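Q: Supplied in structure tokens, the structure appears directly below.
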Amino acid sequence: MAVLQSKEAICKRVDEAVKNVWVTDVHTHLYPPSFGDILLWNVDELLTYHYLVAETFRYIDMDYDAFWALSKREQADLIFKTLFIDHSPISESCRGVLTVLQKLGLDPASRDLAAWREYFDQLTVEDYTDKVFELGRIKRVVMTNDPFDDLERPHWEKPQTDARFLAALRIDQLLLHYPENWEKIKGWGYDVDAELSIKAVIEVQRFLRDWAVRMQAQYMAASLPPAFKVPDNTLCARLVEQAVLPVCREMNIPFAMMIGVKKLSNPDLQLAGDSEGKGDIDTVEYLCRTYPHNKFLCTMLARENQHELAVAARKFRNLLVFGCWWFLNNPSLIEEMTRMRIELLGLSVVPQHSDARVLDQLIYKWTHSRRIIAKVLRDKYCDLYDTGWRVTDEEIDRDVDKLFGGAFDDFLALQL
Ligand code: RAT
Ligand code: ZN
């Protein structure tokens with residue numbers, strides 16, 4: 001253990017610690033290789049990421065239907081031409097593709113999509129997964145696991161064995177589409193009904209418990225609209241209070257609320273068509289106050305919600321704020337949010353998650369975020385230095401560990 005006696009020494013140690021720390025990524029859309037095709041990877045998947053689809057339509061006048069009728073490879077060709085050749089790829093999502101290629105040892109300057117494709121064609125998904133986890137220094141990722149997804153559900157018939165992939169029980173379909181889905185749940189052997197009677201609530205609890213146990217879910221999660229409101233007389237609010245929270249409490253797992261999505265604001269863009277709106281912080285505070293023995297993870301999509309969300313976390317120890325989500329996952333906003341959160345919450349926050357939908361994205365999302373988080377931390381430790389306080393190298397390692405996974409682990413272990 002060494003006391004760091006200069007700002008230079010502090011900055012160097014912060015950079016090293018942040019570069020070397022093994023990350024727990026608390027929210028992704030990845031799966032283990034054993035799940036087959038639903039794990040997305042390779043350069044065509046990178047290029048057809050829905051963030052890039054949305055950006056492409058800023059420049060082209062092709063009919064939406066004509067675009068969706070193209071094969072994946074044709075879509076990737078068009079996106080590459082539009083976003084990388086006809087314009088310089090300076091958006092964050094474009095830059096991300098280039099960071100991945102560079103870290104894999106491929107040459108972005110070659111602009112040779114055919115050669116990049118050849119590189120991926122020679123890989124197996126198993127080897128590539130190992131490589132990505134190694135390159136990105138990723139310890140574990142939390143998945144998004146939806147029992148209503150027909151492609152995913154069969155994989156849960158056998159136990160999951162890859163310890164790098166942890167499950168999260170995703171329940172949007174239950175909370176937001178109960179009228180369309182209750183018959184499906186009934187078909188799976190749970191005696192539910194359209195009006196969500198008391199008996200049905202108990203059966204929904206059993207459904208959630210069974211799935212959380214089967215998946216060994218770290219938490220239950222939903223992506224929720226700006227208008228998400230509890231308490232309320234809606235099916236969604238009733239399901240949260242009467243079914244989700246009792247089971248989460250009994251299993252001591254958090255309920256993760258991702259608030260602020262306006263689904264299919266432009267339906268023609270399909271997955272790329274969602275927008276965002278300001279959410280209701282009173283709902284978050286109501287839940288934390290009313291259910292002090294429940295734990296809540298929360299991220300909000302509107303920049304306007306970030307300050308009040310951090311303040312709410314100062315009031316409620318059962319609330320853990322996480323990530324710079326989706327449209328916030330851009331350098332300027334990550335920096336602003338991370339500074340503000342650390343100033344208000346110290347180390348009791350999860351500054352970032354990747355939301356990776358394509359395995360390769362773990363590489364760039366964490367490369368970019370590590371750089372920004374290191375910058376914020378350097379400033380904070382230098383400000384501390386100016387007060388006369390001195391930190392040790394081990395204390396910096398400890399703090400960095402907390403931000404890149406420790407705070408999440410501690411929160412999961414917390415018994416309230
Ligand atoms: O960031 C994204 O890719 C979004 O489409 C969503 O996946 C969002 O993060 C979610 O989990 O609903
Ligand atoms: Zn997501």
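Letters for chains follow the order of the structure tokens (A, B, ...), residue numbers begin at 1 for each chain, and ligand numbers begin at 1 in the order shown.
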Please write out the residues within 10 Å of ligand 2 as a list in words, counting only C-alpha atoms and all ligand atoms.
A: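 What falls inside 10 Å of ligand 2 is His27, Thr28, His29, Leu30, Met143, Thr144, Ala222, Ser223, Met258, Trp325, Trp326, His353, Ser354, Asp355, Ala356 and Arg357 of chain A.
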Q: Take the residues that were just selected and, keeping N, CA, C and O atoms, output them as a PDB file, in the first residue's frame.
A:
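File produced: out_19.pdb:
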```pdb
ATOM      1  N   HIS A  27     -26.596  -4.494 -17.297  1.00  0.00           N
ATOM      2  CA  HIS A  27     -27.728  -4.635 -18.223  1.00  0.00           C
ATOM      3  C   HIS A  27     -27.246  -4.729 -19.675  1.00  0.00           C
ATOM      4  O   HIS A  27     -26.662  -3.793 -20.208  1.00  0.00           O
ATOM      5  N   THR A  28     -27.500  -5.900 -20.259  1.00  0.00           N
ATOM      6  CA  THR A  28     -27.178  -6.121 -21.680  1.00  0.00           C
ATOM      7  C   THR A  28     -28.332  -6.901 -22.312  1.00  0.00           C
ATOM      8  O   THR A  28     -29.266  -7.326 -21.616  1.00  0.00           O
ATOM      9  N   HIS A  29     -28.199  -7.102 -23.604  1.00  0.00           N
ATOM     10  CA  HIS A  29     -29.146  -7.964 -24.333  1.00  0.00           C
ATOM     11  C   HIS A  29     -28.384  -9.127 -24.958  1.00  0.00           C
ATOM     12  O   HIS A  29     -28.689  -9.553 -26.065  1.00  0.00           O
ATOM     13  N   LEU A  30     -27.386  -9.601 -24.255  1.00  0.00           N
ATOM     14  CA  LEU A  30     -26.553 -10.699 -24.757  1.00  0.00           C
ATOM     15  C   LEU A  30     -27.006 -12.030 -24.156  1.00  0.00           C
ATOM     16  O   LEU A  30     -27.737 -12.043 -23.153  1.00  0.00           O
ATOM     17  N   MET A 143     -28.015 -10.470 -18.430  1.00  0.00           N
ATOM     18  CA  MET A 143     -28.787 -10.544 -19.677  1.00  0.00           C
ATOM     19  C   MET A 143     -30.158  -9.896 -19.478  1.00  0.00           C
ATOM     20  O   MET A 143     -30.470  -9.382 -18.401  1.00  0.00           O
ATOM     21  N   THR A 144     -30.964  -9.944 -20.534  1.00  0.00           N
ATOM     22  CA  THR A 144     -32.374  -9.532 -20.481  1.00  0.00           C
ATOM     23  C   THR A 144     -33.164 -10.755 -20.895  1.00  0.00           C
ATOM     24  O   THR A 144     -33.091 -11.152 -22.065  1.00  0.00           O
ATOM     25  N   ALA A 222     -38.209  -4.070 -15.975  1.00  0.00           N
ATOM     26  CA  ALA A 222     -39.112  -3.658 -17.045  1.00  0.00           C
ATOM     27  C   ALA A 222     -38.679  -2.308 -17.583  1.00  0.00           C
ATOM     28  O   ALA A 222     -38.168  -1.463 -16.844  1.00  0.00           O
ATOM     29  N   SER A 223     -38.884  -2.146 -18.873  1.00  0.00           N
ATOM     30  CA  SER A 223     -38.697  -0.854 -19.522  1.00  0.00           C
ATOM     31  C   SER A 223     -40.081  -0.220 -19.565  1.00  0.00           C
ATOM     32  O   SER A 223     -41.040  -0.836 -20.033  1.00  0.00           O
ATOM     33  N   MET A 258     -36.735   0.834 -15.669  1.00  0.00           N
ATOM     34  CA  MET A 258     -36.073   1.616 -16.722  1.00  0.00           C
ATOM     35  C   MET A 258     -37.174   2.493 -17.296  1.00  0.00           C
ATOM     36  O   MET A 258     -38.017   2.021 -18.073  1.00  0.00           O
ATOM     37  N   TRP A 325     -28.418   5.489 -20.006  1.00  0.00           N
ATOM     38  CA  TRP A 325     -29.204   4.576 -20.817  1.00  0.00           C
ATOM     39  C   TRP A 325     -29.468   5.112 -22.225  1.00  0.00           C
ATOM     40  O   TRP A 325     -29.974   6.233 -22.358  1.00  0.00           O
ATOM     41  N   TRP A 326     -29.090   4.299 -23.238  1.00  0.00           N
ATOM     42  CA  TRP A 326     -29.577   4.458 -24.606  1.00  0.00           C
ATOM     43  C   TRP A 326     -29.202   5.820 -25.186  1.00  0.00           C
ATOM     44  O   TRP A 326     -28.066   6.022 -25.550  1.00  0.00           O
ATOM     45  N   HIS A 353     -23.807   0.934 -17.647  1.00  0.00           N
ATOM     46  CA  HIS A 353     -24.029  -0.419 -18.157  1.00  0.00           C
ATOM     47  C   HIS A 353     -23.861  -0.302 -19.675  1.00  0.00           C
ATOM     48  O   HIS A 353     -23.856   0.811 -20.196  1.00  0.00           O
ATOM     49  N   SER A 354     -23.749  -1.417 -20.392  1.00  0.00           N
ATOM     50  CA  SER A 354     -23.485  -1.258 -21.828  1.00  0.00           C
ATOM     51  C   SER A 354     -24.738  -1.277 -22.691  1.00  0.00           C
ATOM     52  O   SER A 354     -24.764  -0.673 -23.744  1.00  0.00           O
ATOM     53  N   ASP A 355     -25.778  -2.025 -22.251  1.00  0.00           N
ATOM     54  CA  ASP A 355     -26.942  -2.239 -23.117  1.00  0.00           C
ATOM     55  C   ASP A 355     -26.558  -2.927 -24.425  1.00  0.00           C
ATOM     56  O   ASP A 355     -27.302  -2.861 -25.415  1.00  0.00           O
ATOM     57  N   ALA A 356     -25.399  -3.597 -24.436  1.00  0.00           N
ATOM     58  CA  ALA A 356     -24.944  -4.254 -25.668  1.00  0.00           C
ATOM     59  C   ALA A 356     -26.019  -5.216 -26.178  1.00  0.00           C
ATOM     60  O   ALA A 356     -26.555  -6.027 -25.424  1.00  0.00           O
ATOM     61  N   ARG A 357     -26.309  -5.102 -27.465  1.00  0.00           N
ATOM     62  CA  ARG A 357     -27.195  -6.062 -28.138  1.00  0.00           C
ATOM     63  C   ARG A 357     -26.383  -6.996 -29.017  1.00  0.00           C
ATOM     64  O   ARG A 357     -26.873  -8.024 -29.458  1.00  0.00           O
TER      65      ARG A 357
END
```
Q: Applying 9 Å and only C-alpha atoms, which residues near Trp41 of chain A remain after dropping the ones on its own chain fewer than 3 positions away? List them as a PDB file with all heavy atoms, in the first residue's frame.
A:
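After the write, around.pdb holds the following:
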```pdb
ATOM      1  N   ASP A  44     -21.647  -7.455 -39.487  1.00  0.00           N
ATOM      2  CA  ASP A  44     -22.959  -7.114 -40.049  1.00  0.00           C
ATOM      3  C   ASP A  44     -23.965  -6.777 -38.944  1.00  0.00           C
ATOM      4  O   ASP A  44     -24.794  -5.879 -39.092  1.00  0.00           O
ATOM      5  CB  ASP A  44     -23.483  -8.255 -40.929  1.00  0.00           C
ATOM      6  CG  ASP A  44     -22.733  -8.310 -42.259  1.00  0.00           C
ATOM      7  OD1 ASP A  44     -22.497  -7.245 -42.855  1.00  0.00           O
ATOM      8  OD2 ASP A  44     -22.338  -9.420 -42.671  1.00  0.00           O
ATOM      9  N   GLU A  45     -23.866  -7.496 -37.830  1.00  0.00           N
ATOM     10  CA  GLU A  45     -24.745  -7.170 -36.691  1.00  0.00           C
ATOM     11  C   GLU A  45     -24.371  -5.813 -36.109  1.00  0.00           C
ATOM     12  O   GLU A  45     -25.243  -5.034 -35.710  1.00  0.00           O
ATOM     13  CB  GLU A  45     -24.656  -8.252 -35.607  1.00  0.00           C
ATOM     14  CG  GLU A  45     -25.154  -9.634 -36.038  1.00  0.00           C
ATOM     15  CD  GLU A  45     -26.643  -9.681 -36.353  1.00  0.00           C
ATOM     16  OE1 GLU A  45     -27.356  -8.694 -36.088  1.00  0.00           O
ATOM     17  OE2 GLU A  45     -27.100 -10.718 -36.882  1.00  0.00           O
ATOM     18  N   LEU A  46     -23.072  -5.542 -36.055  1.00  0.00           N
ATOM     19  CA  LEU A  46     -22.643  -4.230 -35.544  1.00  0.00           C
ATOM     20  C   LEU A  46     -23.214  -3.098 -36.395  1.00  0.00           C
ATOM     21  O   LEU A  46     -23.705  -2.098 -35.877  1.00  0.00           O
ATOM     22  CB  LEU A  46     -21.116  -4.124 -35.583  1.00  0.00           C
ATOM     23  CG  LEU A  46     -20.318  -4.691 -34.423  1.00  0.00           C
ATOM     24  CD1 LEU A  46     -18.820  -4.573 -34.737  1.00  0.00           C
ATOM     25  CD2 LEU A  46     -20.631  -3.976 -33.116  1.00  0.00           C
ATOM     26  N   PHE A 120     -14.479 -12.312 -39.496  1.00  0.00           N
ATOM     27  CA  PHE A 120     -15.499 -12.894 -38.618  1.00  0.00           C
ATOM     28  C   PHE A 120     -15.913 -14.290 -39.075  1.00  0.00           C
ATOM     29  O   PHE A 120     -16.230 -15.147 -38.245  1.00  0.00           O
ATOM     30  CB  PHE A 120     -16.727 -11.968 -38.532  1.00  0.00           C
ATOM     31  CG  PHE A 120     -16.494 -10.782 -37.632  1.00  0.00           C
ATOM     32  CD1 PHE A 120     -16.108  -9.557 -38.147  1.00  0.00           C
ATOM     33  CD2 PHE A 120     -16.633 -10.905 -36.259  1.00  0.00           C
ATOM     34  CE1 PHE A 120     -15.882  -8.467 -37.308  1.00  0.00           C
ATOM     35  CE2 PHE A 120     -16.410  -9.825 -35.415  1.00  0.00           C
ATOM     36  CZ  PHE A 120     -16.026  -8.598 -35.940  1.00  0.00           C
ATOM     37  N   VAL A 125     -18.241 -18.816 -32.437  1.00  0.00           N
ATOM     38  CA  VAL A 125     -18.849 -17.900 -31.460  1.00  0.00           C
ATOM     39  C   VAL A 125     -18.268 -18.134 -30.061  1.00  0.00           C
ATOM     40  O   VAL A 125     -18.106 -17.192 -29.273  1.00  0.00           O
ATOM     41  CB  VAL A 125     -20.395 -17.994 -31.503  1.00  0.00           C
ATOM     42  CG1 VAL A 125     -20.886 -19.351 -31.061  1.00  0.00           C
ATOM     43  CG2 VAL A 125     -21.022 -16.894 -30.668  1.00  0.00           C
ATOM     44  N   TYR A 128     -14.869 -16.480 -29.956  1.00  0.00           N
ATOM     45  CA  TYR A 128     -15.024 -15.027 -30.052  1.00  0.00           C
ATOM     46  C   TYR A 128     -15.571 -14.457 -28.733  1.00  0.00           C
ATOM     47  O   TYR A 128     -15.175 -13.373 -28.294  1.00  0.00           O
ATOM     48  CB  TYR A 128     -15.937 -14.674 -31.233  1.00  0.00           C
ATOM     49  CG  TYR A 128     -15.971 -13.187 -31.498  1.00  0.00           C
ATOM     50  CD1 TYR A 128     -14.797 -12.482 -31.740  1.00  0.00           C
ATOM     51  CD2 TYR A 128     -17.173 -12.483 -31.489  1.00  0.00           C
ATOM     52  CE1 TYR A 128     -14.820 -11.108 -31.968  1.00  0.00           C
ATOM     53  CE2 TYR A 128     -17.199 -11.118 -31.726  1.00  0.00           C
ATOM     54  CZ  TYR A 128     -16.022 -10.434 -31.957  1.00  0.00           C
ATOM     55  OH  TYR A 128     -16.044  -9.070 -32.168  1.00  0.00           O
ATOM     56  N   ARG A 357     -26.309  -5.102 -27.465  1.00  0.00           N
ATOM     57  CA  ARG A 357     -27.195  -6.062 -28.138  1.00  0.00           C
ATOM     58  C   ARG A 357     -26.383  -6.996 -29.017  1.00  0.00           C
ATOM     59  O   ARG A 357     -26.873  -8.024 -29.458  1.00  0.00           O
ATOM     60  CB  ARG A 357     -28.168  -5.324 -29.072  1.00  0.00           C
ATOM     61  CG  ARG A 357     -29.335  -4.768 -28.351  1.00  0.00           C
ATOM     62  CD  ARG A 357     -30.300  -4.070 -29.273  1.00  0.00           C
ATOM     63  NE  ARG A 357     -31.394  -3.618 -28.447  1.00  0.00           N
ATOM     64  CZ  ARG A 357     -32.503  -4.301 -28.215  1.00  0.00           C
ATOM     65  NH1 ARG A 357     -32.715  -5.457 -28.814  1.00  0.00           N
ATOM     66  NH2 ARG A 357     -33.430  -3.842 -27.403  1.00  0.00           N
ATOM     67  N   VAL A 358     -25.187  -6.546 -29.343  1.00  0.00           N
ATOM     68  CA  VAL A 358     -24.266  -7.310 -30.179  1.00  0.00           C
ATOM     69  C   VAL A 358     -23.031  -7.528 -29.310  1.00  0.00           C
ATOM     70  O   VAL A 358     -22.521  -6.579 -28.709  1.00  0.00           O
ATOM     71  CB  VAL A 358     -23.915  -6.506 -31.454  1.00  0.00           C
ATOM     72  CG1 VAL A 358     -23.001  -7.308 -32.361  1.00  0.00           C
ATOM     73  CG2 VAL A 358     -25.179  -6.071 -32.190  1.00  0.00           C
ATOM     74  N   LEU A 359     -22.605  -8.775 -29.228  1.00  0.00           N
ATOM     75  CA  LEU A 359     -21.501  -9.131 -28.335  1.00  0.00           C
ATOM     76  C   LEU A 359     -20.317  -8.176 -28.448  1.00  0.00           C
ATOM     77  O   LEU A 359     -19.782  -7.676 -27.452  1.00  0.00           O
ATOM     78  CB  LEU A 359     -21.071 -10.565 -28.672  1.00  0.00           C
ATOM     79  CG  LEU A 359     -19.896 -11.158 -27.925  1.00  0.00           C
ATOM     80  CD1 LEU A 359     -20.231 -11.320 -26.453  1.00  0.00           C
ATOM     81  CD2 LEU A 359     -19.508 -12.505 -28.542  1.00  0.00           C
ATOM     82  N   ASP A 360     -19.934  -7.897 -29.681  1.00  0.00           N
ATOM     83  CA  ASP A 360     -18.775  -7.036 -29.970  1.00  0.00           C
ATOM     84  C   ASP A 360     -18.871  -5.662 -29.312  1.00  0.00           C
ATOM     85  O   ASP A 360     -17.861  -5.010 -29.054  1.00  0.00           O
ATOM     86  CB  ASP A 360     -18.627  -6.825 -31.487  1.00  0.00           C
ATOM     87  CG  ASP A 360     -19.068  -8.012 -32.321  1.00  0.00           C
ATOM     88  OD1 ASP A 360     -20.055  -8.670 -31.943  1.00  0.00           O
ATOM     89  OD2 ASP A 360     -18.439  -8.270 -33.349  1.00  0.00           O
ATOM     90  N   GLN A 361     -20.107  -5.193 -29.098  1.00  0.00           N
ATOM     91  CA  GLN A 361     -20.280  -3.850 -28.538  1.00  0.00           C
ATOM     92  C   GLN A 361     -19.742  -3.720 -27.119  1.00  0.00           C
ATOM     93  O   GLN A 361     -19.476  -2.616 -26.647  1.00  0.00           O
ATOM     94  CB  GLN A 361     -21.765  -3.468 -28.552  1.00  0.00           C
ATOM     95  CG  GLN A 361     -22.297  -3.256 -29.957  1.00  0.00           C
ATOM     96  CD  GLN A 361     -23.792  -3.144 -29.998  1.00  0.00           C
ATOM     97  OE1 GLN A 361     -24.484  -3.578 -29.078  1.00  0.00           O
ATOM     98  NE2 GLN A 361     -24.301  -2.581 -31.074  1.00  0.00           N
TER      99      GLN A 361
END
```
Q: Counting only C-alpha atoms, figure out which residue out of A:Trp68, A:Phe148, A:Trp188, A:Tyr31 gets nearest to Ala163 of chain A.
A: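 Among the listed residues, A:Tyr31 lies closest to Ala163 of chain A.
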Q: Using DSSP secondary structure from the backbone, list all helix (DSSP H, G or I) positions within segment 320-400 of chain A, as a PyMOL selection string.
A: chain A and resi 326-328+331-345+361-387+393-400
Q: Which polymer residues have any atom within 12 Å of an atom of Leu106 of chain A, counting only C-alpha atoms, with same-chain residues fewer than 2 positions away left out, as a list in words?
A: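 Listing them by chain and then by number gives Val43, Val97, Leu98, Thr99, Val100, Leu101, Gln102, Lys103, Leu104, Pro108, Ala109, Ser110, Arg111, Asp112, Leu113, Ala114, Ala115, Trp116, Arg117, Glu118, Tyr119 and Phe120 of chain A.
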Q: List the spatial neighbours of segment 171-182 of chain A as a ChimeraX atom specification - criterion: any atom at most 10 Å away, only C-alpha atoms, same-chain residues fewer than 5 positions off excluded.
A: /A:144-149,187-188,190-196,200,204,208,220-225,228,234-240,244
Q: How would you write, as a ChimeraX atom specification, the set of residues in segment 145-375 of chain A that DSSP gives as strand (DSSP E)?
A: /A:165-170,217-224,255-259,261-262,275-276,296-300,319-321
Q: Please indicate the distance in Å from atom CA of Val261 of chain A to atom CA of Val230 of chain A, rounded to one decimal place.
A: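 About the pair atom CA of Val261 of chain A and atom CA of Val230 of chain A: they are 16.5 Å apart.
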Q: Contacts of Asp386 of chain A at 12 Å or less, counting only C-alpha atoms, minus same-chain residues fewer than 5 places along, as a count of residues only?
A: 7
Q: Pick from A:Arg170, A:Arg58, A:Lys375, A:Lys139: nearest to ligand 1, with only C-alpha atoms and all ligand atoms counted?
A: A:Arg170
Q: I'd like the neighbourhood of Leu47 of chain A as a PyMOL selection string, where a residue qualifies if any of its atoms comes within 10 Å (using only C-alpha atoms), though same-chain residues fewer than 5 positions away should be ignored.
A: chain A and resi 42+52-53+72-73+75-80+83+93-94+96-97+358
Q: With N, CA, C and O atoms retained, write the just-selected residues as a JSON list (two decimals), in the first residue's frame.
A:
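After the write, result.json holds the following:
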```json
[["chain", "number", "residue", "atom", "x", "y", "z"],
["A", 42, "ASN", "N", -20.72, -10.14, -34.84],
["A", 42, "ASN", "CA", -20.01, -9.92, -36.12],
["A", 42, "ASN", "C", -20.29, -8.54, -36.72],
["A", 42, "ASN", "O", -21.15, -7.80, -36.23],
["A", 52, "LEU", "N", -27.81, 2.63, -35.42],
["A", 52, "LEU", "CA", -27.27, 3.04, -36.73],
["A", 52, "LEU", "C", -28.35, 3.05, -37.80],
["A", 52, "LEU", "O", -28.28, 3.84, -38.75],
["A", 53, "VAL", "N", -29.34, 2.19, -37.65],
["A", 53, "VAL", "CA", -30.47, 2.22, -38.59],
["A", 53, "VAL", "C", -31.15, 3.59, -38.51],
["A", 53, "VAL", "O", -31.40, 4.25, -39.53],
["A", 72, "LYS", "N", -29.89, -8.88, -44.28],
["A", 72, "LYS", "CA", -29.05, -8.23, -43.27],
["A", 72, "LYS", "C", -27.77, -7.66, -43.90],
["A", 72, "LYS", "O", -27.36, -6.55, -43.63],
["A", 73, "ARG", "N", -27.17, -8.46, -44.79],
["A", 73, "ARG", "CA", -25.92, -8.02, -45.42],
["A", 73, "ARG", "C", -26.15, -6.79, -46.30],
["A", 73, "ARG", "O", -25.35, -5.86, -46.31],
["A", 75, "GLN", "N", -28.53, -4.57, -45.87],
["A", 75, "GLN", "CA", -28.74, -3.44, -44.95],
["A", 75, "GLN", "C", -27.40, -2.92, -44.45],
["A", 75, "GLN", "O", -27.16, -1.70, -44.40],
["A", 76, "ALA", "N", -26.52, -3.86, -44.08],
["A", 76, "ALA", "CA", -25.21, -3.45, -43.57],
["A", 76, "ALA", "C", -24.43, -2.69, -44.64],
["A", 76, "ALA", "O", -23.79, -1.67, -44.35],
["A", 77, "ASP", "N", -24.51, -3.16, -45.89],
["A", 77, "ASP", "CA", -23.81, -2.45, -46.99],
["A", 77, "ASP", "C", -24.32, -1.01, -47.11],
["A", 77, "ASP", "O", -23.53, -0.08, -47.24],
["A", 78, "LEU", "N", -25.64, -0.88, -47.05],
["A", 78, "LEU", "CA", -26.23, 0.46, -47.21],
["A", 78, "LEU", "C", -25.84, 1.37, -46.04],
["A", 78, "LEU", "O", -25.51, 2.55, -46.21],
["A", 79, "ILE", "N", -25.89, 0.81, -44.84],
["A", 79, "ILE", "CA", -25.55, 1.60, -43.65],
["A", 79, "ILE", "C", -24.08, 2.02, -43.71],
["A", 79, "ILE", "O", -23.72, 3.16, -43.45],
["A", 80, "PHE", "N", -23.23, 1.07, -44.12],
["A", 80, "PHE", "CA", -21.80, 1.40, -44.20],
["A", 80, "PHE", "C", -21.57, 2.51, -45.22],
["A", 80, "PHE", "O", -20.85, 3.49, -44.95],
["A", 83, "LEU", "N", -23.31, 5.91, -43.74],
["A", 83, "LEU", "CA", -22.79, 6.53, -42.51],
["A", 83, "LEU", "C", -21.27, 6.60, -42.44],
["A", 83, "LEU", "O", -20.74, 7.38, -41.66],
["A", 93, "SER", "N", -22.35, 6.06, -32.10],
["A", 93, "SER", "CA", -22.59, 4.67, -32.51],
["A", 93, "SER", "C", -21.68, 4.27, -33.67],
["A", 93, "SER", "O", -21.22, 3.13, -33.74],
["A", 94, "CYS", "N", -21.44, 5.21, -34.60],
["A", 94, "CYS", "CA", -20.52, 4.92, -35.70],
["A", 94, "CYS", "C", -19.11, 4.73, -35.15],
["A", 94, "CYS", "O", -18.40, 3.76, -35.51],
["A", 96, "GLY", "N", -18.25, 3.75, -32.42],
["A", 96, "GLY", "CA", -18.18, 2.49, -31.70],
["A", 96, "GLY", "C", -17.78, 1.33, -32.60],
["A", 96, "GLY", "O", -16.95, 0.50, -32.22],
["A", 97, "VAL", "N", -18.33, 1.28, -33.80],
["A", 97, "VAL", "CA", -17.98, 0.20, -34.74],
["A", 97, "VAL", "C", -16.47, 0.24, -35.00],
["A", 97, "VAL", "O", -15.79, -0.80, -35.01],
["A", 358, "VAL", "N", -25.19, -6.55, -29.34],
["A", 358, "VAL", "CA", -24.27, -7.31, -30.18],
["A", 358, "VAL", "C", -23.03, -7.53, -29.31],
["A", 358, "VAL", "O", -22.52, -6.58, -28.71]]
```
Q: From the set A:Ile259, A:Met62, A:Leu245, A:Met251, which residue has the shortest atom-to-atom contact distance to ligand 1, counting only C-alpha atoms and all ligand atoms?
A: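 Once distances to ligand 1 are computed over only C-alpha atoms and all ligand atoms, the minimum belongs to A:Ile259.
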Q: Choose the residue, out of A:Gly273, A:Pro292, A:Gly189, A:Pro154, that has the smallest atom-to-atom separation from ligand 1; count only C-alpha atoms and all ligand atoms.
A: A:Gly273
Q: A:Gly260, A:Gly388, A:Gly405, A:Gly277: which is nearest ligand 1, counting only C-alpha atoms and all ligand atoms?
A: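 Nearest candidate to ligand 1 out of A:Gly260, A:Gly388, A:Gly405, A:Gly277: A:Gly260.
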Q: Using Å and a single decimal, report how far atom CA of Pro351 of chain A sits from atom CA of Cys11 of chain A.
A: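 Atom-to-atom, atom CA of Cys11 of chain A and atom CA of Pro351 of chain A are spaced 19.1 Å apart.
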Q: State, in Å with one decimal place, the distance from atom CA of Tyr49 of chain A to atom CA of Arg339 of chain A.
A: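 Spanning atom CA of Tyr49 of chain A to atom CA of Arg339 of chain A is a straight-line distance of 28.6 Å.
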Q: Do you know which residues are at most 12 Å from Asn266 of chain A counting only C-alpha atoms, after dropping those on the same chain fewer than 2 positions away, and could you put them as a short mmCIF file (atom, residue, chain, number, x, y, z; two decimals) with N, CA, C and O atoms, in the first residue's frame?
A:
```
data_model
loop_
_atom_site.label_atom_id
_atom_site.label_comp_id
_atom_site.auth_asym_id
_atom_site.auth_seq_id
_atom_site.Cartn_x
_atom_site.Cartn_y
_atom_site.Cartn_z
N ALA A 54 -31.40 4.04 -37.30
CA ALA A 54 -32.06 5.34 -37.13
C ALA A 54 -31.21 6.45 -37.76
O ALA A 54 -31.74 7.34 -38.45
N PHE A 57 -31.41 6.62 -41.67
CA PHE A 57 -32.62 7.24 -42.23
C PHE A 57 -32.61 8.77 -42.14
O PHE A 57 -33.46 9.43 -42.71
N TYR A 64 -39.27 2.88 -46.07
CA TYR A 64 -38.95 2.04 -44.90
C TYR A 64 -39.11 0.56 -45.25
O TYR A 64 -38.26 -0.26 -44.93
N LYS A 262 -40.80 5.91 -24.97
CA LYS A 262 -42.02 6.01 -25.79
C LYS A 262 -41.87 5.00 -26.91
O LYS A 262 -41.16 5.23 -27.89
N LYS A 263 -42.49 3.86 -26.73
CA LYS A 263 -42.34 2.76 -27.69
C LYS A 263 -42.93 3.15 -29.05
O LYS A 263 -44.01 3.73 -29.13
N LEU A 264 -42.21 2.79 -30.09
CA LEU A 264 -42.66 2.96 -31.47
C LEU A 264 -43.25 4.35 -31.76
O LEU A 264 -44.32 4.47 -32.34
N ASP A 268 -42.54 2.88 -38.31
CA ASP A 268 -41.85 2.46 -39.53
C ASP A 268 -40.39 2.10 -39.26
O ASP A 268 -39.78 1.34 -40.02
N LEU A 269 -39.82 2.64 -38.21
CA LEU A 269 -38.42 2.34 -37.90
C LEU A 269 -38.26 1.07 -37.08
O LEU A 269 -37.14 0.70 -36.70
N GLN A 270 -39.37 0.41 -36.77
CA GLN A 270 -39.34 -0.84 -35.97
C GLN A 270 -38.53 -0.66 -34.69
O GLN A 270 -38.76 0.30 -33.95
N LEU A 271 -37.56 -1.54 -34.44
CA LEU A 271 -36.81 -1.47 -33.19
C LEU A 271 -36.12 -0.11 -33.00
O LEU A 271 -35.85 0.32 -31.87
N ALA A 272 -35.83 0.57 -34.10
CA ALA A 272 -35.15 1.87 -34.01
C ALA A 272 -36.14 3.01 -33.79
O ALA A 272 -35.74 4.18 -33.75
N GLY A 273 -37.43 2.68 -33.64
CA GLY A 273 -38.45 3.72 -33.64
C GLY A 273 -38.88 4.25 -32.29
O GLY A 273 -39.79 5.07 -32.19
N ASP A 274 -38.22 3.80 -31.21
CA ASP A 274 -38.63 4.26 -29.88
C ASP A 274 -38.04 5.64 -29.58
O ASP A 274 -36.93 5.95 -30.00
N SER A 275 -38.80 6.40 -28.81
CA SER A 275 -38.33 7.73 -28.43
C SER A 275 -38.34 7.83 -26.89
O SER A 275 -38.47 6.81 -26.20
N GLU A 276 -38.19 9.04 -26.38
CA GLU A 276 -38.10 9.15 -24.92
C GLU A 276 -38.92 10.32 -24.39
O GLU A 276 -39.21 11.26 -25.12
#
```
Q: Taking only C-alpha atoms and all ligand atoms into account, name the residue in A:Ala2, A:Val141, A:Leu301, A:Val14 that is nearest to ligand 1.
A: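 Looking only at the distances to ligand 1, the closest residue turns out to be A:Leu301.
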